Amino acid sequence: MTTIQKTLKGLWSLIVGLKVTGKEFCKPWITVHYPRQEVTNLESYRGHIDLVPRPDEPKKPLCIVCKRCEEVCPSGCIRVEGHVPGEQTGEARQLLLISNVPLPNSAARDPICAADKTLRVLDGFTLNYNYCSLCGLCVQCCPVSSLTFSSDVYLAGGSRRDFEYDLLRRLKNRKIKV
Amino acid sequence: MTQLLQLFANPLVYLLVALIAILTFIALNGLILVYVERKVAGFIQRRPGPFEVGPHGLLQPLADALKLVGKQLVVPRDADRILFWAAPLLSFAPVAVCLLPIPFGPHLVGLNVNLGVLLVLAFSGLNVLALCLAGWGSNNKYALLGAARAVAQSVAYEIPLLLSVLCVAFTSGSLNFAEITASQTHGLLSWNVFTQPVAFLIFFVSALAETNRAPFDLPEAESELTAGFHTEYSGMGFGLFFLAEYSYMIVVCAVASVLFLGGWSGPFLSGHWWMLGKIYALILAMMWFRWTYPRVRFDQLLNLCWKWLIPLSLINLMATALIINLVR
Ligand code: SF4
Ligand code: SF4
C-alpha cells in the first residue's frame, strides 16, 4: 500500500512542479537588456575591495597600516606597504606601541583618531584581484573599517595585469562626490 | 497541366515530392523548434531568451545554422573515421521515412501503407544504432558512456512503447495510421486518449525517453558527460544530431497525436491545421517538462521502466484484450 501511496504522491509532485514553472512562464522578465538598460541597485553588489577615504580628507585612506588584511587574506592577494616618519632617526619609536592600535570590534573606537595616532603612512596598497575569492575576511578584520566592497561590475580586461589594482592610486584618483 | 497531374500520379514521383516536402518541413521545424525551445527556457527562467538577432531574436536559429555549417569538421585522432561520419547520417536519414506514412490531413499523406505503425517503429529504432556508432567511433570515454546509456535506455523503453501502441492497434483493429485516425473521427470522446488514458501516459513517457529528452536525457547529460555521444562532433556533424533530435520529437508527437489524439480530426478548421496544432501542443509539453524536471539517475531510469511501465503496460494490454473479447 505504501508503495502505491508513495507513487501517487510522487506523481502529484510532478504536477506541482509543472504548475510552478507554468506560473513563472507567464510572469514578466526580471532580467534587463544590458547595453540598453542597466540595473539600479548596484550598491548591493560586492565587487573587489576598495579603500575607504577619511571623511575629513577624501584623498587619504582610513588605513593605519596594521597589515591585518594582508595577514588574513587566504589567497594572499593584498600587499600593504607603509613607513613611519622618522623611523630611521629613532624619534617615532613609541608610536608603534600596540596599545595605540585599535583592535577589531573594540568599542567606541574612533578611526580618524586612530589614523592620526599611529602616524604610519600608507605608501602602497595593491590587490591582485585575479586570486581574490571575495571571501570578505579582509573587510571584516580591518580594525578601522578602512576596507569595503566596491560596486564595480563593469570589469573587463585583455590581460591578467588589468586586474592587479593599485588601490591607493584608485583612491587618490577617485572623483569626490559633492 | 493534365500531363503534370499524370506525372504526379506516378507513385515514384509522388513519393519523391513527398520526401522533399518532408525534408523541407523537417529543416524548417528544426529552426523553429530551436527558437521556441530557447524562448520557453528563457520565459520559464524569467529572462527574454534570444533577443538580439532580428526582431525578438527571430533570426537567431538561422545565424546558429550558418555558424554550424561554416565550422571545420574535426575527426578525433584514432577515431574510426567511417563509423564516425556514418553515425550522424544514420541518425538523421530514417527521420524522413518515419514521417512518410503519417497522415497530416485527410489526403495529406506521403505513403499510405497498411503497416505504417510498424514502419515508424522499425525506422525510429535505427537511431539507437546511430548513437551507439557515434559513441564507439569517437574514441572518447564520455561518448562511449553516453552510447552505452543510450542503448540501455532505448532497448528498455521500446518495450512499453510497443505495448502501448499495441493497445491502440487492438482497439482500432489496424496498424494503418489513416484507419486509426478514421476510427477516432466520431467526436472528442472517440479519441483514444479517453479510451486508453494509461496507454497514452505510458506512450508519452516512453517517447520522452526514446527521444532522449529531459528528464531522460542521460545519453547527452551535459553536466556529467559533457555532451555524451556527440561530444566529439563539430559543425554539421553535431548539427545533424541536433536536427535529428528535434525531428524525432516531431515524429513521436505526430505518432502520439495520430494514435491517441484523433490525428487530423477536429471541428471548424481543415485537418492539417488540427494535426499541426496537436503536434506542437505535445512538443510544447515536452519542452515544459524539460525545463521543469531534473534529470533522473540511471538506476531510477531503468527502475521506472522495468518495475512500473512494463508491468503497467502489460496489464493494460491484457485488460484491453479482455474487454475487446467480451464486447465482441
Ligand atoms: S587591515 Fe585595515 S588598517 Fe590594517 S592594513 Fe589593512 S586596510 Fe589598513
Ligand atoms: S576578499 Fe578575501 S580573498 Fe579577497 S582580498 Fe579580501 S581577504 Fe583576500
# chains A, B, ... in the order shown; residues from 1 in each chain; ligands from 1
>>> residues_near_ligand(ligand="ligand 1", cutoff="6 Å", atoms="only C-alpha atoms and all ligand atoms", output="VMD selection string")
chain A and resid 63 to 69 142 to 144 146 to 147
>>> write_last_selection(atoms="N, CA and C atoms", output="short mmCIF file (atom, residue, chain, number, x, y, z; two decimals), in the first residue's frame")
data_model
loop_
_atom_site.label_atom_id
_atom_site.label_comp_id
_atom_site.auth_asym_id
_atom_site.auth_seq_id
_atom_site.Cartn_x
_atom_site.Cartn_y
_atom_site.Cartn_z
N CYS A 63 43.15 53.80 6.57
CA CYS A 63 44.06 52.70 6.91
C CYS A 63 45.16 53.13 7.88
N ILE A 64 45.46 52.26 8.88
CA ILE A 64 46.52 52.55 9.83
C ILE A 64 47.74 51.65 9.60
N VAL A 65 47.78 51.01 8.44
CA VAL A 65 48.90 50.17 8.05
C VAL A 65 49.20 49.08 9.09
N CYS A 66 48.17 48.46 9.61
CA CYS A 66 48.40 47.40 10.59
C CYS A 66 48.68 46.07 9.91
N LYS A 67 48.40 45.97 8.63
CA LYS A 67 48.67 44.79 7.80
C LYS A 67 47.87 43.55 8.20
N ARG A 68 46.81 43.75 8.94
CA ARG A 68 46.00 42.58 9.30
C ARG A 68 45.34 41.98 8.06
N CYS A 69 44.91 42.85 7.16
CA CYS A 69 44.25 42.33 5.96
C CYS A 69 45.22 41.48 5.15
N CYS A 142 39.47 44.44 9.27
CA CYS A 142 40.10 45.75 9.35
C CYS A 142 39.62 46.50 10.60
N PRO A 143 40.52 46.89 11.50
CA PRO A 143 40.11 47.49 12.77
C PRO A 143 39.50 48.88 12.61
N VAL A 144 39.81 49.54 11.53
CA VAL A 144 39.30 50.90 11.38
C VAL A 144 38.31 51.02 10.22
N SER A 146 38.61 50.35 7.13
CA SER A 146 39.19 51.06 6.00
C SER A 146 38.97 50.31 4.69
N LEU A 147 38.35 49.15 4.77
CA LEU A 147 38.11 48.39 3.53
C LEU A 147 36.61 48.20 3.32
#
>>> residues_near_ligand(ligand="ligand 2", cutoff="7 Å", atoms="only C-alpha atoms and all ligand atoms", output="list in words")
Ile49, Cys69, Val72, Cys73, Pro74, Ser75, Gly76, Cys77, Ile78, Leu127, Tyr131, Cys132, Ser133, Leu134, Cys135, Gly136, Leu137, Cys138 and Val139 of chain A
>>> residues_around(residues="segment 157-159 of chain B", least_positions_apart="6", cutoff="9 Å", atoms="only C-alpha atoms", output="list in words")
Leu121, Gly125, Val205, Ser206, Ala207, Ala209, Glu210, Leu302, Cys305, Trp306, Leu309, Ile310 and Ser313 of chain B
>>> write_last_selection(atoms="C-alpha atoms", output="PDB file, in the first residue's frame")
ATOM      1  CA  LEU B 121       8.703   1.882 -35.068  1.00  0.00           C
ATOM      2  CA  GLY B 125      14.826   2.073 -33.858  1.00  0.00           C
ATOM      3  CA  VAL B 205       6.786   8.861 -21.044  1.00  0.00           C
ATOM      4  CA  SER B 206       8.475   6.226 -23.206  1.00  0.00           C
ATOM      5  CA  ALA B 207       8.559   8.645 -26.110  1.00  0.00           C
ATOM      6  CA  ALA B 209      12.908   8.508 -23.081  1.00  0.00           C
ATOM      7  CA  GLU B 210      13.214   7.323 -26.682  1.00  0.00           C
ATOM      8  CA  LEU B 302      15.692   1.723 -15.583  1.00  0.00           C
ATOM      9  CA  CYS B 305      10.825   1.280 -16.948  1.00  0.00           C
ATOM     10  CA  TRP B 306      11.195  -2.302 -15.734  1.00  0.00           C
ATOM     11  CA  LEU B 309       5.971   0.983 -17.129  1.00  0.00           C
ATOM     12  CA  ILE B 310       6.388  -2.555 -18.464  1.00  0.00           C
ATOM     13  CA  SER B 313       1.525  -1.649 -19.965  1.00  0.00           C
TER      14      SER B 313
END
>>> interface_residues(of="chain B", to="chain A", cutoff="7 Å", atoms="only C-alpha atoms", output="ChimeraX atom specification")
/B:43-44,46-48,292
>>> write_last_selection(atoms="N, CA and C atoms", output="JSON list (two decimals), in the first residue's frame")
[["chain", "number", "residue", "atom", "x", "y", "z"],
["B", 43, "PHE", "N", 11.63, 32.01, -20.82],
["B", 43, "PHE", "CA", 10.45, 32.51, -20.11],
["B", 43, "PHE", "C", 10.28, 31.80, -18.78],
["B", 44, "ILE", "N", 10.57, 30.49, -18.76],
["B", 44, "ILE", "CA", 10.41, 29.77, -17.51],
["B", 44, "ILE", "C", 11.41, 30.28, -16.48],
["B", 46, "ARG", "N", 12.43, 33.31, -16.48],
["B", 46, "ARG", "CA", 12.09, 34.73, -16.41],
["B", 46, "ARG", "C", 13.17, 35.62, -17.01],
["B", 47, "ARG", "N", 13.67, 35.20, -18.16],
["B", 47, "ARG", "CA", 14.56, 36.06, -18.95],
["B", 47, "ARG", "C", 14.05, 36.03, -20.39],
["B", 48, "PRO", "N", 14.51, 36.97, -21.24],
["B", 48, "PRO", "CA", 13.90, 37.05, -22.57],
["B", 48, "PRO", "C", 14.30, 35.96, -23.56],
["B", 292, "THR", "N", 11.37, 21.78, -16.43],
["B", 292, "THR", "CA", 10.82, 21.67, -15.09],
["B", 292, "THR", "C", 11.54, 20.60, -14.27]]
>>> residues_around(residues="segment 27-40 of chain B", least_positions_apart="3", cutoff="10 Å", atoms="only C-alpha atoms", output="PyMOL selection string")
(chain A and resi 25) or (chain B and resi 22-24+43-51+56-62+64-65+239+242-247+249-250+280+283-284+286-288+290-291)
>>> write_last_selection(atoms="N, CA, C and O atoms", output="compact mmCIF listing (two decimals), in the first residue's frame")
# COMPACT_ATOMS: atom_id res chain seq x y z
N PHE A 25 6.44 30.99 -16.19
CA PHE A 25 6.42 31.24 -17.63
C PHE A 25 5.59 32.48 -17.96
O PHE A 25 5.94 33.26 -18.84
N ILE B 22 8.76 16.63 -46.99
CA ILE B 22 9.02 16.27 -45.60
C ILE B 22 10.36 16.81 -45.13
O ILE B 22 10.49 17.35 -44.02
N LEU B 23 11.36 16.73 -46.02
CA LEU B 23 12.68 17.23 -45.63
C LEU B 23 12.64 18.74 -45.39
O LEU B 23 13.26 19.26 -44.45
N THR B 24 11.88 19.45 -46.25
CA THR B 24 11.73 20.90 -46.05
C THR B 24 11.07 21.16 -44.72
O THR B 24 11.49 22.04 -43.94
N PHE B 43 11.63 32.01 -20.82
CA PHE B 43 10.45 32.51 -20.11
C PHE B 43 10.28 31.80 -18.78
O PHE B 43 9.89 32.41 -17.79
N ILE B 44 10.57 30.49 -18.76
CA ILE B 44 10.41 29.77 -17.51
C ILE B 44 11.41 30.28 -16.48
O ILE B 44 11.11 30.39 -15.30
N GLN B 45 12.62 30.68 -16.96
CA GLN B 45 13.60 31.24 -16.03
C GLN B 45 13.49 32.76 -15.95
O GLN B 45 14.38 33.44 -15.46
N ARG B 46 12.43 33.31 -16.48
CA ARG B 46 12.09 34.73 -16.41
C ARG B 46 13.17 35.62 -17.01
O ARG B 46 13.56 36.64 -16.45
N ARG B 47 13.67 35.20 -18.16
CA ARG B 47 14.56 36.06 -18.95
C ARG B 47 14.05 36.03 -20.39
O ARG B 47 13.23 35.19 -20.73
N PRO B 48 14.51 36.97 -21.24
CA PRO B 48 13.90 37.05 -22.57
C PRO B 48 14.30 35.96 -23.56
O PRO B 48 13.66 35.81 -24.58
N GLY B 49 15.35 35.19 -23.30
CA GLY B 49 15.80 34.23 -24.31
C GLY B 49 16.51 34.96 -25.43
O GLY B 49 16.91 36.11 -25.26
N PRO B 50 16.71 34.31 -26.59
CA PRO B 50 17.42 35.02 -27.67
C PRO B 50 16.67 36.28 -28.06
O PRO B 50 15.46 36.27 -28.21
N PHE B 51 17.40 37.38 -28.18
CA PHE B 51 16.72 38.65 -28.39
C PHE B 51 17.42 39.56 -29.37
O PHE B 51 16.83 40.49 -29.88
N HIS B 56 13.01 40.34 -31.81
CA HIS B 56 12.82 39.32 -30.76
C HIS B 56 13.68 38.08 -31.00
O HIS B 56 13.29 36.97 -30.66
N GLY B 57 14.82 38.27 -31.62
CA GLY B 57 15.74 37.15 -31.80
C GLY B 57 15.29 36.13 -32.82
O GLY B 57 15.78 35.01 -32.84
N LEU B 58 14.35 36.52 -33.70
CA LEU B 58 13.77 35.55 -34.63
C LEU B 58 14.81 34.94 -35.56
O LEU B 58 14.67 33.80 -35.99
N LEU B 59 15.85 35.70 -35.88
CA LEU B 59 16.83 35.19 -36.85
C LEU B 59 17.96 34.41 -36.17
O LEU B 59 18.86 33.93 -36.84
N GLN B 60 17.90 34.27 -34.86
CA GLN B 60 18.96 33.59 -34.12
C GLN B 60 19.22 32.17 -34.63
O GLN B 60 20.36 31.81 -34.87
N PRO B 61 18.16 31.33 -34.79
CA PRO B 61 18.44 29.96 -35.26
C PRO B 61 19.10 29.94 -36.63
O PRO B 61 19.95 29.09 -36.90
N LEU B 62 18.74 30.91 -37.49
CA LEU B 62 19.36 30.99 -38.80
C LEU B 62 20.85 31.28 -38.66
O LEU B 62 21.69 30.67 -39.31
N ASP B 64 22.68 30.67 -36.07
CA ASP B 64 23.31 29.47 -35.50
C ASP B 64 23.58 28.42 -36.57
O ASP B 64 24.64 27.81 -36.61
N ALA B 65 22.57 28.24 -37.44
CA ALA B 65 22.72 27.23 -38.50
C ALA B 65 23.88 27.60 -39.41
O ALA B 65 24.70 26.75 -39.76
N GLY B 239 25.35 19.32 -35.97
CA GLY B 239 24.10 19.88 -36.47
C GLY B 239 23.11 18.80 -36.87
O GLY B 239 21.92 18.90 -36.59
N PHE B 242 21.59 17.21 -33.89
CA PHE B 242 20.66 18.16 -33.30
C PHE B 242 19.34 18.15 -34.06
O PHE B 242 18.26 18.07 -33.49
N LEU B 243 19.48 18.22 -35.41
CA LEU B 243 18.30 18.22 -36.27
C LEU B 243 17.53 16.92 -36.08
O LEU B 243 16.31 16.91 -36.01
N ALA B 244 18.28 15.80 -35.98
CA ALA B 244 17.63 14.51 -35.81
C ALA B 244 16.85 14.48 -34.50
O ALA B 244 15.72 13.99 -34.45
N GLU B 245 17.44 15.05 -33.43
CA GLU B 245 16.75 15.03 -32.14
C GLU B 245 15.42 15.76 -32.24
O GLU B 245 14.37 15.26 -31.81
N TYR B 246 15.44 16.95 -32.87
CA TYR B 246 14.20 17.71 -32.99
C TYR B 246 13.23 17.04 -33.94
O TYR B 246 12.02 17.10 -33.74
N SER B 247 13.76 16.37 -34.97
CA SER B 247 12.87 15.70 -35.90
C SER B 247 12.20 14.50 -35.24
O SER B 247 11.01 14.25 -35.45
N MET B 249 11.46 14.36 -32.20
CA MET B 249 10.39 14.93 -31.37
C MET B 249 9.13 15.08 -32.19
O MET B 249 8.03 14.77 -31.74
N ILE B 250 9.28 15.57 -33.43
CA ILE B 250 8.10 15.72 -34.29
C ILE B 250 7.50 14.36 -34.58
O ILE B 250 6.28 14.18 -34.53
N TYR B 280 2.31 20.44 -32.16
CA TYR B 280 3.06 21.47 -31.46
C TYR B 280 2.66 21.58 -30.00
O TYR B 280 3.47 21.91 -29.15
N ILE B 283 4.71 18.99 -28.37
CA ILE B 283 6.11 19.39 -28.30
C ILE B 283 6.32 20.44 -27.21
O ILE B 283 7.30 20.39 -26.46
N LEU B 284 5.37 21.38 -27.12
CA LEU B 284 5.46 22.39 -26.06
C LEU B 284 5.46 21.71 -24.69
O LEU B 284 6.22 22.11 -23.79
N MET B 286 6.55 18.76 -24.05
CA MET B 286 7.87 18.15 -23.87
C MET B 286 8.89 19.18 -23.40
O MET B 286 9.73 18.91 -22.54
N MET B 287 8.82 20.37 -23.99
CA MET B 287 9.76 21.43 -23.59
C MET B 287 9.49 21.87 -22.16
O MET B 287 10.41 22.09 -21.38
N TRP B 288 8.22 21.98 -21.85
CA TRP B 288 7.83 22.36 -20.48
C TRP B 288 8.41 21.35 -19.50
O TRP B 288 8.98 21.71 -18.48
N ARG B 290 11.01 19.49 -19.94
CA ARG B 290 12.46 19.56 -19.92
C ARG B 290 12.94 20.65 -18.97
O ARG B 290 13.92 20.48 -18.26
N TRP B 291 12.24 21.80 -18.96
CA TRP B 291 12.72 22.90 -18.14
C TRP B 291 12.12 22.87 -16.74
O TRP B 291 12.29 23.80 -15.98
>>> residues_around(residues="Pro94 of chain B", least_positions_apart="5", cutoff="10 Å", atoms="only C-alpha atoms", output="ChimeraX atom specification")
/B:89,99,120,122-127,244,248
>>> closest_residue(among="B:Leu73, B:Ile102, B:Ala156, B:Met236", to="Val117 of chain B", atoms="only C-alpha atoms")
B:Ile102
>>> atom_distance(atom1="atom CA of Ala199 of chain B", atom2="atom CA of Pro219 of chain B")
25.3 Å
>>> closest_residue(among="B:Gly263, B:Pro294, B:Gly135, B:Gly54", to="Ala150 of chain B", atoms="only C-alpha atoms")
B:Gly135
>>> closest_residue(among="B:Ala41, B:Met275, B:Ile20, B:Val97", to="Ala254 of chain B", atoms="only C-alpha atoms")
B:Met275
>>> atom_distance(atom1="atom CA of Pro197 of chain B", atom2="atom CA of Phe260 of chain B")
8.7 Å
>>> residues_around(residues="Glu179 of chain B", least_positions_apart="2", cutoff="12 Å", atoms="only C-alpha atoms", output="PyMOL selection string")
chain B and resi 101-103+106+112-117+168-169+171-177+181-185+258-259+262-264
>>> select_by_dssp(residues="segment 242-312 of chain B", states="alpha helix (DSSP H)", output="JSON, numbers by chain")
{"B": [242, 243, 244, 245, 246, 247, 248, 249, 250, 251, 252, 253, 254, 255, 256, 257, 258, 259, 260, 271, 272, 273, 274, 275, 276, 277, 278, 279, 280, 281, 282, 283, 284, 285, 286, 287, 288, 289, 290, 298, 299, 300, 301, 302, 303, 310, 311, 312]}
>>> closest_residue(among="B:Leu166, B:Ala134, B:Ile202, B:Ala152", to="Val75 of chain B", atoms="only C-alpha atoms")
B:Ala134
>>> atom_distance(atom1="atom CA of Leu201 of chain B", atom2="atom CA of Pro160 of chain B")
10.5 Å
